[in-house]
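**Student:** So here's final-v1.txt (compact mmCIF, C-alpha atoms).
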# COMPACT_ATOMS: atom_id res chain seq x y z
CA MET Z 1 -14.99 -18.19 -5.90
CA ASN Z 2 -12.92 -20.41 -8.17
CA PRO Z 3 -9.28 -19.89 -7.06
CA GLU Z 4 -7.95 -21.88 -10.01
CA ALA Z 5 -9.68 -19.56 -12.46
CA PHE Z 6 -8.34 -16.53 -10.57
CA GLU Z 7 -4.80 -17.87 -10.79
CA ARG Z 8 -5.09 -18.87 -14.45
CA ASP Z 9 -6.23 -15.35 -15.32
CA LEU Z 10 -3.29 -13.76 -13.50
CA ILE Z 11 -0.78 -16.21 -15.00
CA ALA Z 12 -2.06 -15.24 -18.45
CA LYS Z 13 -1.54 -11.58 -17.61
CA LEU Z 14 1.71 -11.72 -15.62
CA GLY Z 15 3.35 -14.79 -17.13
CA ALA Z 16 4.19 -17.89 -15.12
CA GLU Z 17 7.42 -16.47 -13.71
CA GLY Z 18 5.87 -13.11 -12.90
CA PHE Z 19 3.01 -14.81 -11.09
CA ARG Z 20 5.46 -17.00 -9.16
CA ARG Z 21 7.38 -13.92 -8.02
CA VAL Z 22 4.20 -12.16 -6.92
CA ARG Z 23 3.05 -15.19 -4.96
CA ALA Z 24 6.43 -15.47 -3.24
CA ALA Z 25 6.74 -11.80 -2.27
CA LYS Z 26 5.94 -10.35 1.13
CA ILE Z 27 4.77 -6.72 1.14
CA GLY Z 28 4.53 -4.30 4.05
CA ILE Z 29 1.95 -1.54 4.32
CA ALA Z 30 2.51 1.20 6.90
CA GLY Z 31 -0.91 2.71 7.55
CA ALA Z 32 -4.37 1.41 6.70
CA GLY Z 33 -6.23 4.59 5.81
CA GLY Z 34 -7.11 5.88 2.36
CA LEU Z 35 -3.82 4.93 0.75
CA GLY Z 36 -3.21 1.77 2.71
CA SER Z 37 -6.66 0.21 2.38
CA ASN Z 38 -6.90 0.93 -1.34
CA CYS Z 39 -3.29 -0.09 -2.06
CA ALA Z 40 -3.70 -3.36 -0.17
CA THR Z 41 -6.86 -4.12 -2.13
CA ALA Z 42 -5.08 -3.53 -5.44
CA LEU Z 43 -2.14 -5.70 -4.38
CA VAL Z 44 -4.36 -8.62 -3.39
CA ARG Z 45 -6.30 -8.36 -6.65
CA SER Z 46 -2.92 -8.50 -8.43
CA GLY Z 47 -2.08 -11.82 -6.80
CA PHE Z 48 -0.08 -10.86 -3.69
CA ARG Z 49 -0.97 -13.18 -0.84
CA ASP Z 50 1.42 -12.25 1.98
CA LEU Z 51 1.01 -8.78 3.53
CA VAL Z 52 2.10 -7.12 6.77
CA ILE Z 53 -0.27 -4.25 7.58
CA ALA Z 54 0.22 -2.02 10.62
CA ASP Z 55 -1.96 0.83 11.91
CA PHE Z 56 -3.15 1.84 15.39
CA ASP Z 57 -6.31 3.73 14.37
CA VAL Z 58 -10.00 2.78 14.27
CA ILE Z 59 -12.48 3.47 11.48
CA ASP Z 60 -14.47 6.69 11.79
CA ASP Z 61 -17.54 7.86 9.87
CA THR Z 62 -15.40 10.56 8.26
CA ASN Z 63 -13.10 7.89 6.76
CA LEU Z 64 -15.75 6.31 4.55
CA ASP Z 65 -15.48 8.92 1.79
CA ARG Z 66 -12.04 7.70 0.72
CA GLN Z 67 -11.08 4.51 2.58
CA ALA Z 68 -11.98 0.95 1.60
CA TYR Z 69 -14.29 0.25 4.54
CA PHE Z 70 -18.02 -0.07 5.14
CA ALA Z 71 -20.51 1.61 7.46
CA ASP Z 72 -20.90 -1.49 9.64
CA GLN Z 73 -17.15 -1.47 10.31
CA VAL Z 74 -17.05 1.97 11.95
CA GLY Z 75 -15.39 1.81 15.35
CA ARG Z 76 -13.29 -1.26 14.55
CA PRO Z 77 -9.48 -1.24 14.21
CA LYS Z 78 -8.64 -0.47 10.59
CA VAL Z 79 -6.21 -3.35 10.18
CA GLU Z 80 -8.71 -5.90 11.44
CA ALA Z 81 -11.49 -4.65 9.17
CA LEU Z 82 -9.09 -4.46 6.22
CA ALA Z 83 -7.93 -8.03 6.81
CA GLU Z 84 -11.57 -9.13 6.84
CA ASN Z 85 -12.28 -7.32 3.56
CA LEU Z 86 -9.17 -8.72 1.90
CA HIS Z 87 -10.03 -12.26 2.95
CA ARG Z 88 -13.45 -11.77 1.37
CA THR Z 89 -11.71 -10.72 -1.84
CA LEU Z 90 -9.34 -13.68 -1.86
CA PRO Z 91 -9.61 -16.41 0.80
CA GLY Z 92 -6.42 -18.07 1.97
CA LEU Z 93 -4.29 -14.96 2.27
CA THR Z 94 -1.45 -14.70 4.78
CA LEU Z 95 -2.18 -11.40 6.50
CA HIS Z 96 -0.28 -10.04 9.48
CA ALA Z 97 -2.66 -7.34 10.77
CA LEU Z 98 -0.98 -5.39 13.56
CA VAL Z 99 -2.86 -2.87 15.71
CA LEU Z 100 0.26 -0.85 16.35
CA LYS Z 101 1.51 2.73 16.23
CA LEU Z 102 4.61 2.65 14.06
CA ASP Z 103 7.67 4.60 15.15
CA ARG Z 104 11.43 4.59 14.72
CA SER Z 105 11.86 1.85 17.30
CA ASN Z 106 9.55 -0.73 15.74
CA LEU Z 107 9.49 0.01 11.99
CA PRO Z 108 12.57 -2.10 11.17
CA SER Z 109 11.36 -5.16 13.06
CA VAL Z 110 7.74 -4.97 11.88
CA PHE Z 111 8.78 -5.02 8.23
CA ALA Z 112 12.01 -6.99 8.60
CA GLU Z 113 10.87 -9.86 6.36
CA CYS Z 114 9.17 -7.70 3.70
CA ASP Z 115 10.56 -7.36 0.19
CA ALA Z 116 8.96 -3.93 -0.28
CA VAL Z 117 7.21 -1.52 2.09
CA VAL Z 118 4.55 1.03 1.17
CA GLU Z 119 4.21 4.24 3.21
CA CYS Z 120 0.57 5.23 3.68
CA PHE Z 121 0.65 7.84 6.43
CA ASP Z 122 -1.21 11.16 6.51
CA GLN Z 123 1.26 13.34 8.37
CA ALA Z 124 4.46 14.75 6.85
CA ASP Z 125 6.53 14.03 9.96
CA ALA Z 126 5.47 10.37 9.91
CA LYS Z 127 6.39 10.13 6.24
CA SER Z 128 9.84 11.56 6.96
CA MET Z 129 10.30 9.21 9.89
CA PHE Z 130 9.41 6.25 7.67
CA VAL Z 131 11.97 7.14 5.01
CA GLU Z 132 14.74 8.08 7.45
CA THR Z 133 14.28 4.84 9.36
CA LEU Z 134 13.90 2.33 6.53
CA LEU Z 135 15.95 3.82 3.69
CA PRO Z 136 19.27 2.69 5.20
CA THR Z 137 17.99 -0.91 5.30
CA GLY Z 138 18.04 -1.06 1.51
CA LYS Z 139 14.43 -2.21 1.30
CA PHE Z 140 12.39 -1.03 -1.67
CA LEU Z 141 10.18 1.80 -0.39
CA VAL Z 142 7.15 3.42 -2.01
CA THR Z 143 5.91 6.66 -0.46
CA ALA Z 144 3.35 9.34 -1.30
CA SER Z 145 3.35 13.13 -1.19
CA GLY Z 146 0.70 15.41 -2.67
CA LEU Z 147 -2.66 13.84 -3.45
CA GLY Z 148 -5.19 16.31 -2.08
CA GLY Z 149 -7.84 18.24 -3.93
CA ILE Z 150 -9.97 17.75 -7.02
CA GLY Z 151 -8.92 17.47 -10.65
CA ALA Z 152 -5.47 17.61 -12.26
CA SER Z 153 -5.12 13.91 -11.60
CA ASP Z 154 -2.44 13.58 -14.28
CA GLU Z 155 -0.16 15.48 -11.89
CA ILE Z 156 -0.13 12.47 -9.56
CA ARG Z 157 3.01 10.91 -10.95
CA ILE Z 158 5.70 8.38 -10.14
CA HIS Z 159 9.00 9.93 -9.06
CA ARG Z 160 12.16 7.87 -8.63
CA ILE Z 161 14.07 9.50 -5.80
CA ARG Z 162 16.66 6.78 -5.28
CA GLU Z 163 17.18 3.24 -6.50
CA ASN Z 164 15.15 1.92 -3.59
CA LEU Z 165 12.84 4.92 -3.04
CA VAL Z 166 9.88 5.85 -5.23
CA MET Z 167 7.43 8.66 -4.41
CA ILE Z 168 3.89 9.00 -5.76
CA GLY Z 169 2.03 12.30 -5.94
CA ASP Z 170 2.05 15.83 -7.27
CA LEU Z 171 4.65 16.80 -4.60
CA ARG Z 172 2.87 20.06 -3.81
CA SER Z 173 -0.76 19.70 -2.64
CA ASP Z 174 -1.25 19.75 1.12
CA ILE Z 175 -4.21 17.84 2.54
CA ARG Z 176 -4.47 20.42 5.34
CA ARG Z 177 -5.47 23.01 2.73
CA THR Z 178 -6.84 20.78 -0.05
CA PRO Z 179 -8.47 17.76 1.61
CA ALA Z 180 -7.94 14.28 0.24
CA LEU Z 181 -10.93 12.86 -1.64
CA ALA Z 182 -11.60 9.39 -3.02
CA PRO Z 183 -10.57 9.88 -6.68
CA ARG Z 184 -7.05 11.24 -6.18
CA VAL Z 185 -6.42 9.02 -3.15
CA ALA Z 186 -7.40 5.94 -5.16
CA ILE Z 187 -5.19 7.02 -8.07
CA ALA Z 188 -2.18 7.45 -5.77
CA ALA Z 189 -2.85 4.13 -4.02
CA ALA Z 190 -3.19 2.33 -7.36
CA LYS Z 191 0.10 3.81 -8.53
CA GLN Z 192 1.78 2.67 -5.32
CA ALA Z 193 0.50 -0.85 -5.92
CA ASP Z 194 1.56 -0.74 -9.56
CA VAL Z 195 5.11 0.28 -8.66
CA VAL Z 196 5.34 -2.63 -6.21
CA LEU Z 197 3.91 -5.02 -8.79
CA GLU Z 198 6.41 -3.94 -11.43
CA TYR Z 199 9.30 -4.15 -8.99
CA VAL Z 200 8.39 -7.70 -7.99
CA VAL Z 201 7.55 -8.98 -11.46
CA LYS Z 202 10.86 -7.65 -12.81
CA GLY Z 203 12.71 -9.65 -10.19
CA MET Z 204 13.06 -7.02 -7.46
CA GLY Z 205 15.92 -5.46 -9.31
CA GLY Z 206 14.47 -3.99 -12.50
CA ASN Z 207 13.67 -0.33 -12.89
CA ALA Z 208 10.33 0.85 -11.55
CA ALA Z 209 8.21 2.99 -13.85
CA ALA Z 210 8.88 6.69 -14.10
CA GLY Z 211 6.82 9.59 -15.29
Please rewrite the model in this file as structure tokens.

**Tutor:**
Amino acid sequence: MNPEAFERDLIAKLGAEGFRRVRAAKIGIAGAGGLGSNCATALVRSGFRDLVIADFDVIDDTNLDRQAYFADQVGRPKVEALAENLHRTLPGLTLHALVLKLDRSNLPSVFAECDAVVECFDQADAKSMFVETLLPTGKFLVTASGLGGIGASDEIRIHRIRENLVMIGDLRSDIRRTPALAPRVAIAAAKQADVVLEYVVKGMGGNAAAG
């Protein structure tokens, strides 16, 4: 890999100041499953080099249909395998890979130094806990709700809930009834990454995309 060529390409696309902001930002990712692994990949390919990724789970065969892992990584902690994959994408990253179950007691400290935090949980109660715990901190939060099923991918949209809270999804599909599959999961994860990218490039104070 030629890191100079990689950087020149991103500078041409983001502008020198935008690239500087991306390189300086620290992003948190809560959960390293379908959303988290794909979102982290998109962020790294966009130039982000400093990520905090936390998840307690290990990779299972049933994860490979929608998560950014490989067959020879089954059984390993997700965050460790994800860190390995991201380093292969772009060597020299600063990755804080934490094998940890996130809860109300540790969320604030785990992501204390992050400029933005992306919620990538599966369960509704964990999503609510994430928002209730971190929203009062004023950090920029990107969450997801409604990405299960097949088709109607245009319904996976960006919804500004508050100034520091953006939600991605169709806001209705339930993965317990309409399972999450690779296409819609990847779309939602890419939109999460895009919202973070826009927020950072605009100086962490501009308006994130809507619609």

**Student:** Skipping near chain neighbours, those fewer than 4 positions away, what residues fall within 7 Å of Z:Leu95 using only C-alpha atoms, listed as a ChimeraX atom specification?

**Tutor:** /Z:50-52,83

**Student:** Kindly indicate which residue among Z:Ala188, Z:Val131, Z:Ala116, Z:Leu93 lies nearest to Z:Cys39, using only C-alpha atoms for the distances.

**Tutor:**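 Residue with the minimum atom-to-atom distance to Z:Cys39: Z:Ala188.
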
**Student:** If we count only C-alpha atoms, what is near Z:Val58 at a cut-off of 8 Å, once residues fewer than 5 positions away on the same chain are taken out, given as a list of chain:residue names?

**Tutor:**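 These residues fall inside the cut-off: Z:Val74, Z:Gly75, Z:Arg76, Z:Pro77, Z:Lys78.
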
**Student:** Please write out, as JSON, where the centre of an axis-aligned box around all listed atoms of stretch 79-97 of chain Z lies and how long its edges are, in Å to one decimal, after adding 6 Å on each side.

**Tutor:**
{"center_x": -6.9, "center_y": -10.7, "center_z": 4.8, "size_x": 25.2, "size_y": 26.7, "size_z": 25.3}

**Student:** For atom CA of Z:Arg88 and atom CA of Z:Val196, quote the distance in Å rounded to one decimal.

**Tutor:**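 Calculated distance between atom CA of Z:Arg88 and atom CA of Z:Val196 is 22.2 Å.
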
**Student:** Fewer than 6 positions away in the same chain doesn't count, so skip those; otherwise give me all residues within 12 Å of Z:Val195, counting only C-alpha atoms, as a ChimeraX atom specification.

**Tutor:** /Z:39,42-43,46,116-118,140-144,157-160,164-168,188-189,201-202,204,206-211

**Student:** Of the candidates Z:Ala180, Z:Val185, Z:Thr133, Z:Leu35, which one gets nearest to Z:Ser109 if we count all atoms listed in the file?

**Tutor:**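 Closest candidate: Z:Thr133.
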
**Student:** What's the 10 Å shell around Z:Asn85, counting all atoms listed in the file, without same-chain residues fewer than 5 positions away, as a list of chain:residue names?

**Tutor:**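 Residues near the query, excluding close chain neighbours: Z:Ser37, Z:Thr41, Z:Ala68, Z:Tyr69, Z:Phe70, Z:Val79, Z:Glu80, Z:Leu90, Z:Pro91.
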
**Student:** Next, write the just-selected residues to a file, as a PDB file, in the coordinates of the input, keeping C-alpha atoms as the atom set.

**Tutor:**
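What landed in again30.pdb:
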ATOM      1  CA  SER Z  37      -6.660   0.210   2.380  1.00  0.00           C
ATOM      2  CA  THR Z  41      -6.860  -4.120  -2.130  1.00  0.00           C
ATOM      3  CA  ALA Z  68     -11.980   0.950   1.600  1.00  0.00           C
ATOM      4  CA  TYR Z  69     -14.290   0.250   4.540  1.00  0.00           C
ATOM      5  CA  PHE Z  70     -18.020  -0.070   5.140  1.00  0.00           C
ATOM      6  CA  VAL Z  79      -6.210  -3.350  10.180  1.00  0.00           C
ATOM      7  CA  GLU Z  80      -8.710  -5.900  11.440  1.00  0.00           C
ATOM      8  CA  LEU Z  90      -9.340 -13.680  -1.860  1.00  0.00           C
ATOM      9  CA  PRO Z  91      -9.610 -16.410   0.800  1.00  0.00           C
TER      10      PRO Z  91
END

**Student:** At what distance in Å, to one decimal, does atom CA of Z:Arg23 lie from atom CA of Z:Met129?

**Tutor:**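 Distance between the two atoms: 29.5 Å.
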
**Student:** Using only C-alpha atoms, which of the listed residues (Z:Leu102, Z:Leu82, Z:Ala124, Z:Ile11) sits closest to Z:Ala32?

**Tutor:**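 Selected residue with least distance to Z:Ala32: Z:Leu82.
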
**Student:** Taking all atoms listed in the file into account, name the residue in Z:Ile53, Z:Ile187, Z:Asn106, Z:Gly34 that is nearest to Z:Phe121.

**Tutor:**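 Nearest candidate to Z:Phe121 out of Z:Ile53, Z:Ile187, Z:Asn106, Z:Gly34: Z:Gly34.
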
**Student:** If you measure from atom CA of Z:Ser145 to atom CA of Z:Ala81, what distance in Å do you get, rounded to one decimal?

**Tutor:** 25.4 Å

**Student:** Give me, as a ChimeraX atom specification, all polymer residues having an atom no more than 6 Å from Z:Cys120, counting all atoms listed in the file and skipping those fewer than 4 positions away in the same chain.

**Tutor:** /Z:30-31,35-36

**Student:** Could you check which of Z:Asp9, Z:Asp174, Z:Asp61, Z:Asp72 is closest to Z:Arg45, using all atoms listed in the file?

**Tutor:**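 Checking each candidate against Z:Arg45, we get Z:Asp9 as the closest.
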
**Student:** Using only C-alpha atoms, pick whichever of Z:Ile29, Z:Leu86, Z:Ala24, Z:Ile175 has the shortest atom-to-atom distance to Z:Gln192.

**Tutor:**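 Result for the nearest residue to Z:Gln192: Z:Ile29.
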